[in-house]
Structures are given as structure tokens and as C-alpha cells.
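These notes are about the structure you will find just below.
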Amino acid sequence: MAQPSSHPQRIALHNEIHARPPEAMAAPLALSHVVMAGDAAERDASRAHLASLLRDHHLPLPDAQTTHLRMDVGGFRIRWELHTEFVTWTFSHAFDADGFGDQEPQPAIHEVPQEWLAALPGQCLAALHLWVLPGDPPPPHALTRHVLHEETLVGSGVGGGQGAVFTDFAIHADGHSRMVLFSDGLSPRRLGRMVQRLLEIDTYRMAALLGLPAARESAALLGVAEKELAALAEAIRAAGRDEEPQLLDRLTRLAGQVESHYAATHSRFSASAAYFELVDQRLQDIHESRLPGLQTLGEFIERRLSPARATCAWAVRRQDALSQRVSRISNLLRTRVEIDQQQSSQALLKTMNRRQDLQLKLQATVEGLSVAAITYYIVGLVSYLAKGAQALGWPFSPEGTAAVAIPVVALGVWLSLRRLHARVLGH
């Protein structure tokens, strides 16, 4: 059947709805999730690093367009995902859950080749061990002996009461935080979605907090800029006409600094706001319910992340407000300078008008002298002509002829000069 011409991105855009799908999982399962932040070169290098692991195990290699991959590698399963600012590595394997909590549990990352693991491109932003266990959750004290810290333990029911999750949001001695998920009635697909959402909560939580250092740095820079702006505003209020150009130059440099800082941090703050929203969405997706005596994950994250989120939002508002104040004061000072320039221009125009009047008067005087001089020379020529014509029978004397010619010649010269001026001036 004939098909219309397709958009070049149609297939890629259609398949985006299936990008990074959750996979079915069964308890007991140990997972280790590592988030490596890096620039574009380091993110691209992660694909080559993944290919080196697959090559060692004689497995198919990813192509240059691959952004996520799931594959069994020896005694563990790997999930690799390429994101805009970071790369996530998730390693998982089934384990024996007997006696879990009575001793230090074995994480999935121990199954990964350690030399290869140490060479992951980028910088570790987040690292989490997650154990998925079947059955109902035990009393919290059973988890705080060897797995989680009692001081910061939080937990909640998830999936409409069909599971429970516990964590302490602490980095343990191995550099990883820990989370335990009990699955009492979740199907394998629902369990896979739940695990993915829990991992994304930890990932996006850390990615959102990347804006906090930038917000704190902005506080110091914006404080200095605000003091400078206040000093400039006071100086502008009391400045004389001669000082305004220097003040305008200082204000222009300050505006450049503010806009440069805004451009350098705006993308970071925008990304943090987007990550905060993703954390909120993932917390809603797990459908938490309260467990006796424990804070839920949502309550703990909301309480601890709210100051960071408010700081980032405050930095954005402060940047916008400072930029608008700089713009208003710049416009005010430019208006004053323009008014002074207009007044100077008006004074200059008045001076030029006076000079032009003097030039016109001088020109009229010169024109009068020119008429007299030209008339004098033309009448002299007429006198010579009359003398010559008298010898040929001209009945009048040369003196009389010259006298009669004077007013006629003067009038003709004057009219000719007026006509010439009219043509030159376009009148």
C-alpha cells in the first residue's frame, strides 16, 4: 500500500515513548545504582567503556546512537542509560536473602569487575545499593543492626500497601547509600516500575541539588553587585553633569557582570527546577502510605529539600530583580545624559544660527559691493563702446551713454545675482 512521505525523525520520536522502559523483576534481588556526572566527552566515553565490558564477554556492542542498554553479563545484569548531564549504571543479580539483616548484606556491585568499575568515565554523583526482598517488612530494628542507620531511618508503604521501602539517606563506609524494598504483592512488572522510580528519586534528588552550590555562589556575587548598584544610585542622584558619563560607564560594566553571571547560571537553575519537579512526580508515582513511627520518603525529602529548592528559586528571583533594577537605573541615567546632550545641542544650534545670521548679513554686504563692482566694470566697457561708436556716428557722448547705462546695468546685475542665489539654494 502506498505511504506518504515520512518525517525524518518520525521513527525516533515514536519510539521515544518506549525509551528506558522498566523491566520485570523478581525478589530477592540486589541492585547497585551509580550515577556518573560528566561533560559531553565523558558521557560519550561511557559508551566505549560499556563496549569494552561487553567485548570482554563476547557480547553484542552498542552502536553510536544507543542511549540505553540492558544485558546479562556473566553473573550480573547491567543497565546503562545516557542522560543529558549524567550516565546511570545499574547492576543487579539475584542473591540468597536468608539471614538478611543479621549481617552486612552483599551488594550487587561486588559482582562487577573492579578494575573496570574504577575506570567509569566522569565523577560519581550518586551511588545506591537497593535490596528487593519478598514478604512483609520486619520490625524497623531488624534493619538497623547491619543495613541502615537508626537515627535517620525513614520508611513508608508503597504501591497501595503492597510493598514497603526503607532508607536512611546516608552515605555508608563503602561510599553508597542504601535502600531496602519489601514486595508483598507486587507483580514482576509493577516491581520493576517501583524499583525504577525509587532509583530515579535518588538520582533526580542529587541532580536537583547541583543548583545549590551555584545558588550559594550567586548569593555572594549578587550581594556585591547590589551594594555597587546602591552606591551608583546614590552617586547618580547627587552627580553633576560632568560626572554622568563616568557613572554611565560604571553602570554599563555592572550590567555586563550581572548578565554574564545570569547567563552562566540560568541553565543550571532551570535544570534544578526540572529535576525537583521530577522528584515530586516520582514520589507521587510510588503512592506512599505511612508506617507507624516513621517519616515517609516524601515527608523527609520535602523537609530536607525545601530549603535547597527555595534557595535556588530565590537566587533566580534575585537575579531577575537585580537585572531589572540595573536596567531601570541605566535607562534613567541615559535619559539624563540624553537630556544634557539635547540641551548642549540646542545651545550649539543657537550659536550656529547666530553665526549664520552674521554670515547672511556679511553676504548681503558683499553682494552689494559685488553689484557695484560689476556695474562699474560693465559701465566702463559701455563707455569704451560708446567712444568707438561715436566715431561711427553714435549721436550721444560717451559720458552720457555711460550715465544712462549705470542704472540699467546695476539692475540687471542685481537681478542676475538674485536668480543665481535662487538656483543654488533651491528656492
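Note on naming: chains are A, B, ... as they come in the C-alpha cells, residues start from 1 per chain, ligands start from 1 in the order shown.
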**Report entry** Shell around Phe269 in chain A at 7 Å using only C-alpha atoms, local window under 3 positions removed, as a PyMOL selection string
**Finding:** chain A and resi 211+265-266+272-273+312
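Our summary of the geometry notes that CA of Gln123 in chain A is positioned 6.3 Å from CA of Gly38 in chain A.
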Report task. Can you pull out every residue within 9 Å of range 22-36 of chain A, counting only C-alpha atoms, but drop anything in the same chain fewer than 6 positions away, and send it as a VMD selection string? Result -> chain A and resid 43 85 to 97 106 to 109 120 to 134 176 182 to 183 187 to 196 199 203
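Taking CA of Gln295 in chain A and CA of Trp314 in chain A as the two end points, the separation is 27.4 Å.
Taking only C-alpha atoms, the non-local environment of Ser306 in chain A within 12 Å (same-chain residues fewer than 6 positions away omitted) comprises A:Arg205, A:Ala208, A:Leu209, A:Leu212, A:Ala273, A:Phe276, A:Val279, A:Asp280, A:Gly298, A:Glu299, A:Phe300, A:Cys312, A:Ala313, A:Trp314.
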Take the residues from that selection and put them in a file with C-alpha atoms, as a PDB file, in the first residue's frame.
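Result file follows (out-v6.pdb):
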ATOM      1  CA  ARG A 205      17.303  14.335  44.044  1.00  0.00           C
ATOM      2  CA  ALA A 208      18.435  18.812  41.550  1.00  0.00           C
ATOM      3  CA  LEU A 209      20.863  19.711  44.323  1.00  0.00           C
ATOM      4  CA  LEU A 212      22.515  24.642  45.380  1.00  0.00           C
ATOM      5  CA  ALA A 273      13.860  23.226  38.877  1.00  0.00           C
ATOM      6  CA  PHE A 276      12.844  18.974  41.596  1.00  0.00           C
ATOM      7  CA  VAL A 279      11.346  14.107  42.231  1.00  0.00           C
ATOM      8  CA  ASP A 280       7.856  15.315  43.159  1.00  0.00           C
ATOM      9  CA  GLY A 298       8.122  12.215  50.652  1.00  0.00           C
ATOM     10  CA  GLU A 299       7.956  13.951  54.022  1.00  0.00           C
ATOM     11  CA  PHE A 300      11.673  13.536  54.633  1.00  0.00           C
ATOM     12  CA  CYS A 312      17.661  28.088  44.089  1.00  0.00           C
ATOM     13  CA  ALA A 313      14.336  29.789  43.396  1.00  0.00           C
ATOM     14  CA  TRP A 314      15.381  32.790  45.491  1.00  0.00           C
TER      15      TRP A 314
END
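Relative to CA of Gly400 in chain A, CA of Ser416 in chain A is found at 24.7 Å.
Considering only C-alpha atoms, the residue among A:Pro138, A:Gly388, A:Gly159, A:Pro62 positioned nearest to Gln284 in chain A is A:Gly159.
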Report task. Write down as a count of residues only the residues of range 32-95 of chain A whose backbone DSSP state falls under helix (DSSP H, G or I). Result -> 17
Report summary line: Counting only C-alpha atoms, closest pick from A:Ala255, A:Ala219, A:Ile286, A:Val180 relative to Arg197 in chain A is A:Ile286
Report summary line: If you count only C-alpha atoms, the residue of A:Glu302, A:Asp136, A:Asp320, A:Asp242 closest to Gly185 in chain A turns out to be A:Asp136
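Each of A:Leu251, A:Ala230, A:Val165, A:Ala214 was checked against Arg334 in chain A using only C-alpha atoms; the smallest atom-to-atom distance is that of A:Leu251.
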Query raised in the report: A:Gln257, A:Ser383, A:Ser397, A:Ser218: which is nearest Thr311 in chain A, counting only C-alpha atoms?
Result: A:Ser218
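Comparing the minimum interatomic distances between Trp414 in chain A and each of A:Gln281, A:Ser345, A:Thr401, A:Ser370, counting only C-alpha atoms, we find that A:Ser370 sits nearest.
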